[in-house]
Amino acid sequence: MEGVSSEALPVSVRGEVSWGGIFGGDIFSVNGGVAWRPNKHFTVGADYGLTSFDLPAGTLDVHVGTIESVIAFSSTMFIATDVQYDNISENFTFFSRFTWEPRPEREIFISL
């Protein structure tokens, strides 16, 4: 099941719940997030996800939190940045990418 509000609104939310069988056990997943878009040039959001495995070998809960931002200089040039934490590695990851599409089907992409 999934619910999403429009990203065209200043504040948008999304949520998703899924469950089922996997590897002779069960899986349950819940994900959600909120984003704030004060204008067409800036968006910041936060997401959280929990995936719970109940397998014959044992149980495992995976928690992932993400903070993301997008700065748009124009409709063809932007910087998107994600910072993520998970409880398995107990580390933060950082990913930033600059994208520019000077002409349709021509893209310049730099990531860090």
# chains A, B, ... in the order shown; residues from 1 in each chain; ligands from 1
>>> residues_around(residues="Ser5 (chain A)", least_positions_apart="4", cutoff="8 Å", atoms="only C-alpha atoms", output="ChimeraX atom specification")
/A:12-14
>>> residues_around(residues="Ile108 (chain A)", least_positions_apart="2", cutoff="12 Å", atoms="only C-alpha atoms", output="list in words")
Thr76, Met77, Phe78, Ile79, Arg97, Phe98, Thr99, Trp100, Glu101, Pro102, Arg103, Pro104, Glu105, Arg106, Ile110 and Ser111 of chain A
>>> write_last_selection(atoms="N, CA, C and O atoms", output="compact mmCIF listing (two decimals), in the first residue's frame")
# COMPACT_ATOMS: atom_id res chain seq x y z
N THR A 76 17.45 23.06 -16.25
CA THR A 76 18.39 22.10 -16.82
C THR A 76 19.66 21.93 -15.99
O THR A 76 20.55 21.17 -16.38
N MET A 77 19.79 22.62 -14.84
CA MET A 77 21.00 22.56 -14.04
C MET A 77 20.64 22.52 -12.56
O MET A 77 19.94 23.40 -12.06
N PHE A 78 21.13 21.46 -11.85
CA PHE A 78 20.83 21.36 -10.42
C PHE A 78 21.90 20.55 -9.70
O PHE A 78 22.68 19.83 -10.30
N ILE A 79 21.91 20.71 -8.37
CA ILE A 79 22.76 19.92 -7.48
C ILE A 79 21.83 19.18 -6.53
O ILE A 79 20.99 19.81 -5.86
N ARG A 97 25.53 15.14 -6.45
CA ARG A 97 25.70 15.10 -7.90
C ARG A 97 25.24 16.42 -8.52
O ARG A 97 24.22 16.98 -8.14
N PHE A 98 26.04 16.88 -9.47
CA PHE A 98 25.73 18.06 -10.26
C PHE A 98 25.29 17.57 -11.63
O PHE A 98 25.98 16.75 -12.25
N THR A 99 24.16 18.05 -12.10
CA THR A 99 23.64 17.65 -13.41
C THR A 99 23.32 18.88 -14.23
O THR A 99 22.69 19.82 -13.75
N TRP A 100 23.77 18.85 -15.48
CA TRP A 100 23.46 19.93 -16.41
C TRP A 100 23.13 19.30 -17.75
O TRP A 100 23.88 18.46 -18.26
N GLU A 101 22.01 19.68 -18.31
CA GLU A 101 21.59 19.20 -19.62
C GLU A 101 21.52 20.39 -20.58
O GLU A 101 20.48 21.01 -20.74
N PRO A 102 22.66 20.73 -21.21
CA PRO A 102 22.70 21.92 -22.07
C PRO A 102 21.79 21.81 -23.29
O PRO A 102 21.26 22.81 -23.76
N ARG A 103 21.63 20.58 -23.79
CA ARG A 103 20.72 20.30 -24.90
C ARG A 103 20.00 19.00 -24.60
O ARG A 103 20.55 18.14 -23.90
N PRO A 104 18.80 18.81 -25.11
CA PRO A 104 18.13 17.52 -24.89
C PRO A 104 19.01 16.35 -25.31
O PRO A 104 19.70 16.41 -26.33
N GLU A 105 19.03 15.33 -24.49
CA GLU A 105 19.82 14.12 -24.69
C GLU A 105 21.32 14.34 -24.57
O GLU A 105 22.10 13.47 -24.94
N ARG A 106 21.75 15.48 -24.06
CA ARG A 106 23.17 15.75 -23.78
C ARG A 106 23.25 16.15 -22.32
O ARG A 106 22.76 17.20 -21.93
N ILE A 110 28.42 15.22 -12.76
CA ILE A 110 29.59 15.12 -11.88
C ILE A 110 29.08 14.70 -10.51
O ILE A 110 28.15 15.32 -9.98
N SER A 111 29.68 13.66 -9.94
CA SER A 111 29.22 13.20 -8.63
C SER A 111 30.37 13.08 -7.65
O SER A 111 31.53 12.93 -8.03
>>> residues_around(residues="Ala35 (chain A)", least_positions_apart="3", cutoff="6 Å", atoms="only C-alpha atoms", output="PyMOL selection string")
chain A and resi 11-12+44-45
>>> write_last_selection(atoms="N, CA, C and O atoms", output="PDB file, in the first residue's frame")
ATOM      1  N   VAL A  11       4.587  21.501   0.921  1.00  0.00           N
ATOM      2  CA  VAL A  11       4.936  20.374   1.782  1.00  0.00           C
ATOM      3  C   VAL A  11       4.286  19.125   1.198  1.00  0.00           C
ATOM      4  O   VAL A  11       3.087  19.114   0.933  1.00  0.00           O
ATOM      5  N   SER A  12       5.084  18.094   0.970  1.00  0.00           N
ATOM      6  CA  SER A  12       4.549  16.837   0.448  1.00  0.00           C
ATOM      7  C   SER A  12       4.945  15.701   1.384  1.00  0.00           C
ATOM      8  O   SER A  12       5.972  15.761   2.059  1.00  0.00           O
ATOM      9  N   VAL A  44      14.062  20.367   0.303  1.00  0.00           N
ATOM     10  CA  VAL A  44      14.746  19.586   1.329  1.00  0.00           C
ATOM     11  C   VAL A  44      13.740  18.580   1.883  1.00  0.00           C
ATOM     12  O   VAL A  44      12.553  18.885   2.009  1.00  0.00           O
ATOM     13  N   GLY A  45      14.221  17.377   2.179  1.00  0.00           N
ATOM     14  CA  GLY A  45      13.317  16.346   2.664  1.00  0.00           C
ATOM     15  C   GLY A  45      14.008  15.367   3.579  1.00  0.00           C
ATOM     16  O   GLY A  45      15.234  15.308   3.659  1.00  0.00           O
TER      17      GLY A  45
END
>>> residues_around(residues="Ala8 (chain A)", least_positions_apart="6", cutoff="12 Å", atoms="only C-alpha atoms", output="ChimeraX atom specification")
/A:35-40,43
>>> write_last_selection(atoms="all heavy atoms", output="short mmCIF file (atom, residue, chain, number, x, y, z; two decimals), in the first residue's frame")
data_model
loop_
_atom_site.label_atom_id
_atom_site.label_comp_id
_atom_site.auth_asym_id
_atom_site.auth_seq_id
_atom_site.Cartn_x
_atom_site.Cartn_y
_atom_site.Cartn_z
N ALA A 35 8.76 16.29 2.52
CA ALA A 35 9.63 17.21 1.78
C ALA A 35 9.04 18.61 1.86
O ALA A 35 7.82 18.79 1.87
CB ALA A 35 9.77 16.78 0.33
N TRP A 36 9.93 19.59 1.92
CA TRP A 36 9.52 20.99 1.95
C TRP A 36 10.12 21.67 0.73
O TRP A 36 11.34 21.58 0.49
CB TRP A 36 10.02 21.65 3.23
CG TRP A 36 9.71 23.10 3.34
CD1 TRP A 36 8.50 23.71 3.19
CD2 TRP A 36 10.64 24.15 3.64
NE1 TRP A 36 8.62 25.06 3.38
CE2 TRP A 36 9.93 25.36 3.66
CE3 TRP A 36 12.01 24.17 3.89
CZ2 TRP A 36 10.53 26.58 3.92
CZ3 TRP A 36 12.60 25.39 4.17
CH2 TRP A 36 11.87 26.57 4.18
N ARG A 37 9.28 22.30 -0.04
CA ARG A 37 9.69 23.00 -1.27
C ARG A 37 9.18 24.44 -1.20
O ARG A 37 8.10 24.75 -1.68
CB ARG A 37 9.09 22.28 -2.47
CG ARG A 37 9.54 22.83 -3.79
CD ARG A 37 8.97 21.97 -4.91
NE ARG A 37 9.32 22.58 -6.17
CZ ARG A 37 8.49 22.72 -7.19
NH1 ARG A 37 7.26 22.27 -7.11
NH2 ARG A 37 8.89 23.29 -8.28
N PRO A 38 9.98 25.35 -0.61
CA PRO A 38 9.52 26.73 -0.44
C PRO A 38 9.43 27.50 -1.75
O PRO A 38 8.66 28.46 -1.86
CB PRO A 38 10.55 27.36 0.49
CG PRO A 38 11.78 26.54 0.31
CD PRO A 38 11.31 25.16 -0.02
N ASN A 39 10.21 27.10 -2.76
CA ASN A 39 10.16 27.74 -4.08
C ASN A 39 10.67 26.75 -5.12
O ASN A 39 11.06 25.63 -4.79
CB ASN A 39 10.96 29.05 -4.09
CG ASN A 39 12.41 28.83 -3.72
OD1 ASN A 39 13.10 27.99 -4.29
ND2 ASN A 39 12.90 29.58 -2.72
N LYS A 40 10.68 27.16 -6.36
CA LYS A 40 11.06 26.24 -7.44
C LYS A 40 12.55 25.93 -7.49
O LYS A 40 12.98 25.06 -8.23
CB LYS A 40 10.59 26.78 -8.79
CG LYS A 40 11.29 28.07 -9.21
CD LYS A 40 10.75 28.57 -10.53
CE LYS A 40 11.46 29.84 -10.94
NZ LYS A 40 10.99 30.32 -12.24
N THR A 43 14.55 22.37 -2.54
CA THR A 43 13.74 21.33 -1.89
C THR A 43 14.62 20.63 -0.86
O THR A 43 15.79 20.35 -1.12
CB THR A 43 13.25 20.28 -2.91
OG1 THR A 43 12.54 20.92 -3.95
CG2 THR A 43 12.36 19.25 -2.25
#
>>> atom_distance(atom1="CA of Glu107 (chain A)", atom2="CA of Val70 (chain A)")
17.3 Å
>>> residues_around(residues="Gly21 (chain A)", least_positions_apart="5", cutoff="12 Å", atoms="only C-alpha atoms", output="PDB file with N, CA and C atoms, in the first residue's frame")
ATOM      1  N   ASP A  26       9.208 -14.248   6.691  1.00  0.00           N
ATOM      2  CA  ASP A  26       8.347 -13.094   6.429  1.00  0.00           C
ATOM      3  C   ASP A  26       9.174 -11.821   6.347  1.00  0.00           C
ATOM      4  N   ILE A  27       8.634 -10.865   5.584  1.00  0.00           N
ATOM      5  CA  ILE A  27       9.234  -9.538   5.487  1.00  0.00           C
ATOM      6  C   ILE A  27       8.132  -8.502   5.702  1.00  0.00           C
ATOM      7  N   PHE A  28       8.468  -7.457   6.432  1.00  0.00           N
ATOM      8  CA  PHE A  28       7.563  -6.330   6.652  1.00  0.00           C
ATOM      9  C   PHE A  28       8.368  -5.064   6.442  1.00  0.00           C
ATOM     10  N   SER A  29       7.828  -4.132   5.667  1.00  0.00           N
ATOM     11  CA  SER A  29       8.554  -2.905   5.353  1.00  0.00           C
ATOM     12  C   SER A  29       7.624  -1.707   5.468  1.00  0.00           C
ATOM     13  N   SER A  52      11.851  -5.254   8.212  1.00  0.00           N
ATOM     14  CA  SER A  52      11.986  -6.269   9.242  1.00  0.00           C
ATOM     15  C   SER A  52      11.882  -7.654   8.601  1.00  0.00           C
ATOM     16  N   PHE A  53      12.896  -8.480   8.827  1.00  0.00           N
ATOM     17  CA  PHE A  53      12.928  -9.839   8.311  1.00  0.00           C
ATOM     18  C   PHE A  53      12.733 -10.807   9.474  1.00  0.00           C
ATOM     19  N   ASP A  54      11.836 -11.755   9.324  1.00  0.00           N
ATOM     20  CA  ASP A  54      11.641 -12.831  10.297  1.00  0.00           C
ATOM     21  C   ASP A  54      11.865 -14.132   9.537  1.00  0.00           C
ATOM     22  N   LEU A  55      13.091 -14.636   9.596  1.00  0.00           N
ATOM     23  CA  LEU A  55      13.515 -15.786   8.815  1.00  0.00           C
ATOM     24  C   LEU A  55      13.797 -16.984   9.726  1.00  0.00           C
ATOM     25  N   PRO A  56      13.846 -18.179   9.175  1.00  0.00           N
ATOM     26  CA  PRO A  56      14.174 -19.343   9.996  1.00  0.00           C
ATOM     27  C   PRO A  56      15.520 -19.198  10.718  1.00  0.00           C
TER      28      PRO A  56
END
